[in-house]
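**Q** Structure file entry-v9.txt (compact mmCIF, N, CA and C atoms) right here:
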# COMPACT_ATOMS: atom_id res chain seq x y z
N MET A 1 -98.83 134.15 -59.25
CA MET A 1 -98.16 135.02 -58.32
C MET A 1 -97.16 134.24 -57.49
N ASN A 2 -96.07 134.86 -57.24
CA ASN A 2 -95.02 134.23 -56.44
C ASN A 2 -94.92 134.98 -55.11
N LYS A 3 -95.23 134.27 -54.02
CA LYS A 3 -95.14 134.88 -52.70
C LYS A 3 -93.86 134.41 -52.04
N SER A 4 -93.08 135.35 -51.60
CA SER A 4 -91.85 134.98 -50.90
C SER A 4 -91.92 135.51 -49.47
N LYS A 5 -91.22 134.84 -48.60
CA LYS A 5 -91.22 135.27 -47.20
C LYS A 5 -90.29 136.45 -47.02
N SER A 6 -90.76 137.42 -46.31
CA SER A 6 -89.90 138.55 -46.01
C SER A 6 -89.15 138.27 -44.71
N SER A 7 -88.17 139.08 -44.42
CA SER A 7 -87.38 138.88 -43.19
C SER A 7 -88.25 139.14 -41.96
N ARG A 8 -89.25 139.99 -42.07
CA ARG A 8 -90.14 140.28 -40.95
C ARG A 8 -90.95 139.03 -40.58
N ASP A 9 -91.44 138.28 -41.58
CA ASP A 9 -92.20 137.05 -41.32
C ASP A 9 -91.33 136.02 -40.60
N THR A 10 -90.08 135.89 -41.01
CA THR A 10 -89.20 134.91 -40.39
C THR A 10 -88.93 135.27 -38.93
N ILE A 11 -88.73 136.54 -38.65
CA ILE A 11 -88.45 136.95 -37.27
C ILE A 11 -89.68 136.71 -36.40
N GLN A 12 -90.86 136.98 -36.90
CA GLN A 12 -92.07 136.74 -36.12
C GLN A 12 -92.26 135.26 -35.84
N ASN A 13 -91.98 134.39 -36.82
CA ASN A 13 -92.10 132.96 -36.60
C ASN A 13 -91.10 132.47 -35.57
N GLU A 14 -89.87 132.96 -35.61
CA GLU A 14 -88.86 132.55 -34.63
C GLU A 14 -89.28 132.97 -33.23
N GLU A 15 -89.83 134.16 -33.09
CA GLU A 15 -90.27 134.62 -31.78
C GLU A 15 -91.43 133.76 -31.28
N LYS A 16 -92.31 133.36 -32.19
CA LYS A 16 -93.46 132.54 -31.81
C LYS A 16 -93.00 131.20 -31.23
N TYR A 17 -92.01 130.55 -31.88
CA TYR A 17 -91.55 129.26 -31.43
C TYR A 17 -90.65 129.36 -30.20
N SER A 18 -89.92 130.45 -30.05
CA SER A 18 -89.00 130.56 -28.93
C SER A 18 -89.74 130.74 -27.60
N ASN A 19 -90.98 131.26 -27.63
CA ASN A 19 -91.74 131.44 -26.40
C ASN A 19 -92.32 130.14 -25.86
N GLU A 20 -92.45 129.12 -26.72
CA GLU A 20 -93.03 127.86 -26.28
C GLU A 20 -92.01 127.07 -25.46
N SER A 21 -92.50 126.42 -24.44
CA SER A 21 -91.63 125.53 -23.67
C SER A 21 -92.22 124.13 -23.75
N ILE A 22 -91.35 123.15 -23.58
CA ILE A 22 -91.79 121.76 -23.66
C ILE A 22 -91.71 121.14 -22.28
N GLN A 23 -92.57 120.15 -22.05
CA GLN A 23 -92.56 119.45 -20.77
C GLN A 23 -92.84 117.97 -20.98
N LEU A 24 -92.38 117.18 -20.04
CA LEU A 24 -92.48 115.73 -20.12
C LEU A 24 -93.59 115.26 -19.19
N LYS A 25 -94.53 114.50 -19.73
CA LYS A 25 -95.62 113.90 -18.95
C LYS A 25 -95.44 112.39 -18.97
N THR A 26 -95.50 111.75 -17.81
CA THR A 26 -95.32 110.31 -17.70
C THR A 26 -96.56 109.69 -17.09
N GLU A 27 -97.02 108.59 -17.71
CA GLU A 27 -98.19 107.86 -17.23
C GLU A 27 -97.79 106.41 -17.03
N ARG A 28 -98.17 105.85 -15.88
CA ARG A 28 -97.80 104.47 -15.54
C ARG A 28 -99.08 103.65 -15.32
N VAL A 29 -99.18 102.50 -16.02
CA VAL A 29 -100.34 101.62 -15.91
C VAL A 29 -99.84 100.23 -15.52
N GLU A 30 -100.43 99.66 -14.47
CA GLU A 30 -100.08 98.30 -14.04
C GLU A 30 -101.27 97.39 -14.28
N LYS A 31 -101.00 96.25 -14.92
CA LYS A 31 -102.05 95.27 -15.20
C LYS A 31 -101.63 93.92 -14.65
N LYS A 32 -102.59 93.22 -14.04
CA LYS A 32 -102.31 91.85 -13.61
C LYS A 32 -102.41 90.94 -14.81
N ARG A 33 -101.55 89.96 -14.86
CA ARG A 33 -101.55 89.04 -15.98
C ARG A 33 -102.36 87.80 -15.65
N LYS A 34 -103.02 87.25 -16.67
CA LYS A 34 -103.87 86.09 -16.48
C LYS A 34 -103.53 85.03 -17.52
N SER A 35 -103.75 83.80 -17.13
CA SER A 35 -103.66 82.67 -18.04
C SER A 35 -104.98 81.94 -17.93
N LEU A 36 -105.75 82.00 -18.97
CA LEU A 36 -107.14 81.53 -18.97
C LEU A 36 -107.91 82.25 -17.87
N PHE A 37 -108.20 81.60 -16.77
CA PHE A 37 -108.98 82.24 -15.71
C PHE A 37 -108.17 82.50 -14.45
N TRP A 38 -106.91 82.06 -14.42
CA TRP A 38 -106.08 82.20 -13.22
C TRP A 38 -105.23 83.45 -13.30
N LYS A 39 -105.06 84.07 -12.17
CA LYS A 39 -104.16 85.22 -12.08
C LYS A 39 -102.75 84.71 -11.86
N LEU A 40 -101.81 85.29 -12.58
CA LEU A 40 -100.41 84.91 -12.44
C LEU A 40 -99.74 85.82 -11.40
N PRO A 41 -98.63 85.38 -10.81
CA PRO A 41 -98.00 86.19 -9.75
C PRO A 41 -97.22 87.40 -10.28
N HIS A 42 -97.15 87.60 -11.57
CA HIS A 42 -96.44 88.76 -12.08
C HIS A 42 -97.41 89.70 -12.78
N LYS A 43 -96.93 90.92 -13.00
CA LYS A 43 -97.77 91.94 -13.62
C LYS A 43 -97.02 92.65 -14.74
N LYS A 44 -97.77 93.29 -15.60
CA LYS A 44 -97.24 94.01 -16.74
C LYS A 44 -97.35 95.50 -16.44
N ILE A 45 -96.25 96.22 -16.58
CA ILE A 45 -96.23 97.65 -16.32
C ILE A 45 -95.93 98.37 -17.63
N ILE A 46 -96.81 99.29 -18.00
CA ILE A 46 -96.65 100.07 -19.22
C ILE A 46 -96.44 101.52 -18.82
N ILE A 47 -95.30 102.08 -19.25
CA ILE A 47 -94.98 103.48 -18.96
C ILE A 47 -95.03 104.25 -20.27
N THR A 48 -95.88 105.26 -20.33
CA THR A 48 -96.03 106.08 -21.52
C THR A 48 -95.46 107.46 -21.23
N ASP A 49 -94.48 107.87 -22.04
CA ASP A 49 -93.88 109.20 -21.92
C ASP A 49 -94.33 110.05 -23.09
N ARG A 50 -94.75 111.29 -22.78
CA ARG A 50 -95.18 112.22 -23.82
C ARG A 50 -94.47 113.54 -23.62
N VAL A 51 -93.98 114.12 -24.71
CA VAL A 51 -93.41 115.45 -24.69
C VAL A 51 -94.42 116.36 -25.36
N ILE A 52 -94.90 117.36 -24.61
CA ILE A 52 -95.91 118.27 -25.14
C ILE A 52 -95.46 119.72 -24.96
N THR A 53 -96.04 120.60 -25.77
CA THR A 53 -95.77 122.03 -25.65
C THR A 53 -96.77 122.64 -24.68
N THR A 54 -96.62 123.92 -24.43
CA THR A 54 -97.56 124.60 -23.55
C THR A 54 -98.95 124.69 -24.17
N ASP A 55 -99.03 124.56 -25.50
CA ASP A 55 -100.32 124.59 -26.21
C ASP A 55 -100.96 123.22 -26.29
N ARG A 56 -100.40 122.22 -25.58
CA ARG A 56 -100.90 120.84 -25.54
C ARG A 56 -100.74 120.12 -26.88
N LYS A 57 -99.76 120.53 -27.69
CA LYS A 57 -99.47 119.83 -28.93
C LYS A 57 -98.47 118.72 -28.63
N LEU A 58 -98.74 117.53 -29.13
CA LEU A 58 -97.88 116.38 -28.90
C LEU A 58 -96.70 116.41 -29.85
N ILE A 59 -95.48 116.30 -29.30
CA ILE A 59 -94.27 116.28 -30.12
C ILE A 59 -93.78 114.84 -30.29
N VAL A 60 -93.55 114.14 -29.17
CA VAL A 60 -93.03 112.77 -29.19
C VAL A 60 -93.78 111.95 -28.15
N LYS A 61 -94.05 110.67 -28.50
CA LYS A 61 -94.70 109.75 -27.57
C LYS A 61 -94.01 108.40 -27.66
N THR A 62 -93.64 107.82 -26.51
CA THR A 62 -93.03 106.49 -26.48
C THR A 62 -93.68 105.66 -25.38
N ARG A 63 -93.55 104.33 -25.52
CA ARG A 63 -94.06 103.40 -24.51
C ARG A 63 -92.95 102.46 -24.10
N SER A 64 -92.87 102.17 -22.81
CA SER A 64 -91.90 101.24 -22.27
C SER A 64 -92.67 100.15 -21.52
N ILE A 65 -92.35 98.87 -21.79
CA ILE A 65 -93.09 97.75 -21.21
C ILE A 65 -92.17 96.94 -20.30
N HIS A 66 -92.62 96.69 -19.06
CA HIS A 66 -91.88 95.90 -18.09
C HIS A 66 -92.77 94.74 -17.62
N ILE A 67 -92.15 93.59 -17.35
CA ILE A 67 -92.83 92.45 -16.75
C ILE A 67 -92.22 92.26 -15.37
N CYS A 68 -93.02 92.39 -14.30
CA CYS A 68 -92.51 92.31 -12.94
C CYS A 68 -93.08 91.09 -12.23
N SER A 69 -92.21 90.36 -11.57
CA SER A 69 -92.61 89.21 -10.77
C SER A 69 -92.06 89.41 -9.37
N LEU A 70 -92.93 89.62 -8.42
CA LEU A 70 -92.56 89.93 -7.03
C LEU A 70 -91.67 91.18 -7.01
N ASP A 71 -90.39 91.03 -6.67
CA ASP A 71 -89.52 92.21 -6.57
C ASP A 71 -88.69 92.46 -7.82
N ALA A 72 -88.57 91.47 -8.68
CA ALA A 72 -87.69 91.60 -9.84
C ALA A 72 -88.49 92.03 -11.07
N CYS A 73 -87.91 92.94 -11.84
CA CYS A 73 -88.54 93.39 -13.09
C CYS A 73 -87.66 93.03 -14.26
N ASP A 74 -88.27 92.55 -15.31
CA ASP A 74 -87.57 92.23 -16.55
C ASP A 74 -88.07 93.20 -17.62
N THR A 75 -87.14 93.82 -18.32
CA THR A 75 -87.51 94.80 -19.33
C THR A 75 -87.64 94.14 -20.68
N ARG A 76 -88.83 94.20 -21.25
CA ARG A 76 -89.03 93.70 -22.62
C ARG A 76 -88.63 94.77 -23.62
N LYS A 77 -89.18 95.93 -23.48
CA LYS A 77 -88.84 97.04 -24.35
C LYS A 77 -88.61 98.25 -23.47
N PHE A 78 -87.46 98.87 -23.62
CA PHE A 78 -87.14 100.04 -22.80
C PHE A 78 -87.01 101.24 -23.72
N ARG A 79 -87.97 102.13 -23.66
CA ARG A 79 -87.93 103.38 -24.42
C ARG A 79 -88.37 104.48 -23.48
N ARG A 80 -87.45 105.28 -23.06
CA ARG A 80 -87.77 106.39 -22.18
C ARG A 80 -87.26 107.69 -22.78
N ILE A 81 -87.84 108.78 -22.34
CA ILE A 81 -87.51 110.11 -22.86
C ILE A 81 -86.94 110.95 -21.74
N LYS A 82 -85.96 111.78 -22.08
CA LYS A 82 -85.42 112.78 -21.17
C LYS A 82 -85.23 114.08 -21.92
N ILE A 83 -85.45 115.19 -21.25
CA ILE A 83 -85.22 116.50 -21.85
C ILE A 83 -83.93 117.05 -21.25
N ILE A 84 -82.91 117.24 -22.12
CA ILE A 84 -81.61 117.71 -21.67
C ILE A 84 -81.21 118.91 -22.53
N LYS A 85 -81.05 120.06 -21.87
CA LYS A 85 -80.61 121.29 -22.54
C LYS A 85 -81.47 121.62 -23.76
N ASN A 86 -82.77 121.62 -23.58
CA ASN A 86 -83.75 121.96 -24.63
C ASN A 86 -83.69 120.99 -25.82
N GLU A 87 -83.19 119.78 -25.59
CA GLU A 87 -83.21 118.71 -26.58
C GLU A 87 -83.97 117.53 -26.01
N ILE A 88 -84.60 116.76 -26.89
CA ILE A 88 -85.35 115.57 -26.49
C ILE A 88 -84.47 114.36 -26.79
N TRP A 89 -84.15 113.57 -25.77
CA TRP A 89 -83.35 112.37 -25.94
C TRP A 89 -84.25 111.17 -25.74
N ILE A 90 -84.28 110.24 -26.71
CA ILE A 90 -85.05 109.01 -26.59
C ILE A 90 -84.07 107.86 -26.43
N PHE A 91 -84.16 107.17 -25.30
CA PHE A 91 -83.29 106.04 -25.00
C PHE A 91 -84.00 104.78 -25.45
N ARG A 92 -83.36 103.99 -26.33
CA ARG A 92 -83.93 102.74 -26.84
C ARG A 92 -83.02 101.59 -26.47
N TYR A 93 -83.60 100.59 -25.84
CA TYR A 93 -82.83 99.44 -25.39
C TYR A 93 -83.64 98.18 -25.65
N ASN A 94 -83.01 97.17 -26.22
CA ASN A 94 -83.66 95.89 -26.47
C ASN A 94 -82.87 94.79 -25.78
N ALA A 95 -83.11 93.56 -26.13
CA ALA A 95 -82.41 92.44 -25.50
C ALA A 95 -80.93 92.45 -25.84
N ASP A 96 -80.56 92.96 -27.00
CA ASP A 96 -79.16 93.02 -27.39
C ASP A 96 -78.57 94.36 -26.95
N PRO A 97 -77.66 94.38 -25.96
CA PRO A 97 -77.12 95.66 -25.47
C PRO A 97 -76.28 96.41 -26.49
N GLU A 98 -75.78 95.73 -27.51
CA GLU A 98 -74.98 96.41 -28.52
C GLU A 98 -75.83 97.29 -29.43
N LYS A 99 -77.12 97.03 -29.48
CA LYS A 99 -78.03 97.82 -30.31
C LYS A 99 -78.69 98.96 -29.55
N ALA A 100 -78.26 99.20 -28.32
CA ALA A 100 -78.84 100.28 -27.53
C ALA A 100 -78.37 101.62 -28.08
N ILE A 101 -79.33 102.51 -28.37
CA ILE A 101 -79.01 103.81 -28.97
C ILE A 101 -79.76 104.92 -28.26
N ILE A 102 -79.28 106.13 -28.50
CA ILE A 102 -79.95 107.35 -28.03
C ILE A 102 -80.23 108.19 -29.26
N LYS A 103 -81.50 108.52 -29.47
CA LYS A 103 -81.88 109.39 -30.58
C LYS A 103 -82.12 110.78 -30.02
N ARG A 104 -81.52 111.78 -30.68
CA ARG A 104 -81.63 113.17 -30.22
C ARG A 104 -82.51 113.97 -31.18
N TYR A 105 -83.45 114.73 -30.61
CA TYR A 105 -84.34 115.60 -31.37
C TYR A 105 -84.26 117.00 -30.77
N ASP A 106 -84.56 118.02 -31.57
CA ASP A 106 -84.64 119.36 -31.02
C ASP A 106 -86.00 119.56 -30.37
N SER A 107 -86.26 120.75 -29.85
CA SER A 107 -87.50 120.98 -29.10
C SER A 107 -88.74 121.01 -30.00
N TYR A 108 -88.56 121.02 -31.33
CA TYR A 108 -89.69 121.00 -32.25
C TYR A 108 -89.97 119.62 -32.81
N GLY A 109 -89.16 118.61 -32.43
CA GLY A 109 -89.37 117.26 -32.90
C GLY A 109 -88.59 116.91 -34.16
N LYS A 110 -87.63 117.74 -34.55
CA LYS A 110 -86.82 117.44 -35.73
C LYS A 110 -85.61 116.61 -35.31
N PHE A 111 -85.32 115.57 -36.08
CA PHE A 111 -84.23 114.64 -35.77
C PHE A 111 -82.88 115.32 -35.89
N LEU A 112 -82.00 115.13 -34.88
CA LEU A 112 -80.66 115.70 -34.91
C LEU A 112 -79.60 114.64 -35.19
N SER A 113 -79.51 113.62 -34.31
CA SER A 113 -78.47 112.61 -34.50
C SER A 113 -78.79 111.36 -33.68
N THR A 114 -77.98 110.32 -33.91
CA THR A 114 -78.08 109.07 -33.18
C THR A 114 -76.74 108.78 -32.53
N GLU A 115 -76.75 108.36 -31.27
CA GLU A 115 -75.52 108.02 -30.55
C GLU A 115 -75.65 106.62 -29.99
N ASN A 116 -74.51 105.97 -29.75
CA ASN A 116 -74.51 104.69 -29.06
C ASN A 116 -74.65 104.93 -27.57
N TRP A 117 -75.44 104.11 -26.93
CA TRP A 117 -75.68 104.24 -25.50
C TRP A 117 -74.55 103.52 -24.78
N ASP A 118 -73.78 104.25 -24.00
CA ASP A 118 -72.66 103.68 -23.26
C ASP A 118 -73.21 102.74 -22.19
N GLN A 119 -72.75 101.49 -22.18
CA GLN A 119 -73.28 100.47 -21.27
C GLN A 119 -72.95 100.76 -19.81
N LYS A 120 -71.94 101.57 -19.56
CA LYS A 120 -71.55 101.85 -18.17
C LYS A 120 -72.48 102.87 -17.52
N LYS A 121 -73.18 103.66 -18.33
CA LYS A 121 -74.09 104.67 -17.80
C LYS A 121 -75.52 104.18 -17.85
N SER A 122 -76.27 104.48 -16.83
CA SER A 122 -77.69 104.11 -16.81
C SER A 122 -78.53 105.29 -17.31
N PHE A 123 -79.82 105.08 -17.38
CA PHE A 123 -80.75 106.12 -17.84
C PHE A 123 -80.71 107.33 -16.91
N GLU A 124 -80.55 107.10 -15.60
CA GLU A 124 -80.55 108.18 -14.64
C GLU A 124 -79.26 108.99 -14.66
N ASP A 125 -78.16 108.44 -15.19
CA ASP A 125 -76.88 109.14 -15.21
C ASP A 125 -76.82 110.27 -16.23
N TYR A 126 -77.68 110.26 -17.22
CA TYR A 126 -77.67 111.29 -18.24
C TYR A 126 -78.41 112.51 -17.78
Kindly return the structure encoded in the file as structure tokens.
**A**
Amino acid sequence: MNKSKSSRDTIQNEEKYSNESIQLKTERVEKKRKSLFWKLPHKKIIITDRVITTDRKLIVKTRSIHICSLDACDTRKFRRIKIIKNEIWIFRYNADPEKAIIKRYDSYGKFLSTENWDQKKSFEDY
């Protein structure tokens, strides 16, 4: 038997997905660093960003790691998420600024495109 989707099934599925909204949850964990038995003056900060639906389904999850010493923070891996106009933007930054990119996904987690991250703009400017 060959089952094909009717137009009614497609409309119902579109309505089902259009009612869902996505939200960004951020979790921050700070750990003191140790060398053998001594505590070091700097700490490791791990920021976990999750994009979830209203049904608590996980769409995207990223982790960003910072090493902070007193007032100054050094970024080892920078991966943060922002929701802009019902799209999920993942900002990726490493030690080489020329390789900094922005990956764009739709609200269902499907990949759209990749852009170069303009060095003049910060994460908060977008």
**Q** Any idea what the distance is between atom CA of A:Arg56 and atom C of A:Lys103?
**A**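 Calculated distance between atom CA of A:Arg56 and atom C of A:Lys103 is 21.8 Å.
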**Q** What separation in Å, quoted to one decimal, exists between atom N of A:Asp55 and atom N of A:Phe111?
**A**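 So the two atoms, atom N of A:Asp55 and atom N of A:Phe111, lie 19.5 Å apart.
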**Q** When you count all atoms listed in the file, which of these residues is closest to A:Leu24: A:Ile46, A:Leu36, A:Val51, A:Cys73?
**A** A:Val51
**Q** What's around A:Ile101 at 7 Å? Count all atoms listed in the file, leave out sequence neighbours fewer than 2 positions away in its own chain, and write the answer as a PyMOL selection string.
**A** chain A and resi 90-94+98-99+103+114-117
**Q** Counting only C-alpha atoms, which of A:Glu87, A:Glu30, A:Asp118, A:Asp96 gets nearest to A:Val60?
**A**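 Looking at the shortest contact to A:Val60, the residue is A:Glu87.
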**Q** Which residue gives the smallest distance to A:Ser64 among A:Lys43, A:Arg50, A:Arg33, A:Arg79, with all atoms listed in the file counted?
**A** A:Arg79
**Q** Using all atoms listed in the file, pick whichever of A:Ser69, A:Thr26, A:Arg80, A:Ile59 has the shortest atom-to-atom distance to A:Leu40.
**A** A:Ser69
**Q** Atom N of A:Ile84 and atom N of A:Tyr108 are how many Å apart?
**A**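 For atom N of A:Ile84 relative to atom N of A:Tyr108, the distance reads 11.4 Å.
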**Q** Taking all atoms listed in the file into account, which of A:Gln23, A:Ser35, A:Thr62, A:Ser107 comes nearest A:Ile47?
**A**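 That would be A:Thr62, the residue with the smallest distance to A:Ile47.
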**Q** Write out as an MDAnalysis selection string each polymer residue whose atoms come within 8 Å of A:Lys25, counting only N, CA and C atoms; drop sequence neighbours fewer than 3 positions from it.
**A** chainID A and resid 22 28 48:52
**Q** Specify the axis-aligned box that encloses all atoms of stretch 43-53 of chain A listed in the file after padding of 3 Å on each side, stating its centre and edge lengths in Å to one decimal as lines of an AutoDock Vina configuration file.
**A**
center_x = -95.6
center_y = 106.8
center_z = -19.4
size_x = 10.4
size_y = 37.7
size_z = 18.8
**Q** Within stretch 41-113 of chain A, find each residue whose DSSP state, derived from the backbone, is strand (DSSP E or B), and express the selection as a PyMOL selection string.
**A** chain A and resi 41-53+58-69+72-84+87-93+101-106+111-113
**Q** Could you check the closest approach to A:Ile81 for each of A:Ala95, A:Leu112, A:Arg63, A:Lys34 and tell me which residue wins, using all atoms listed in the file?
**A** A:Arg63
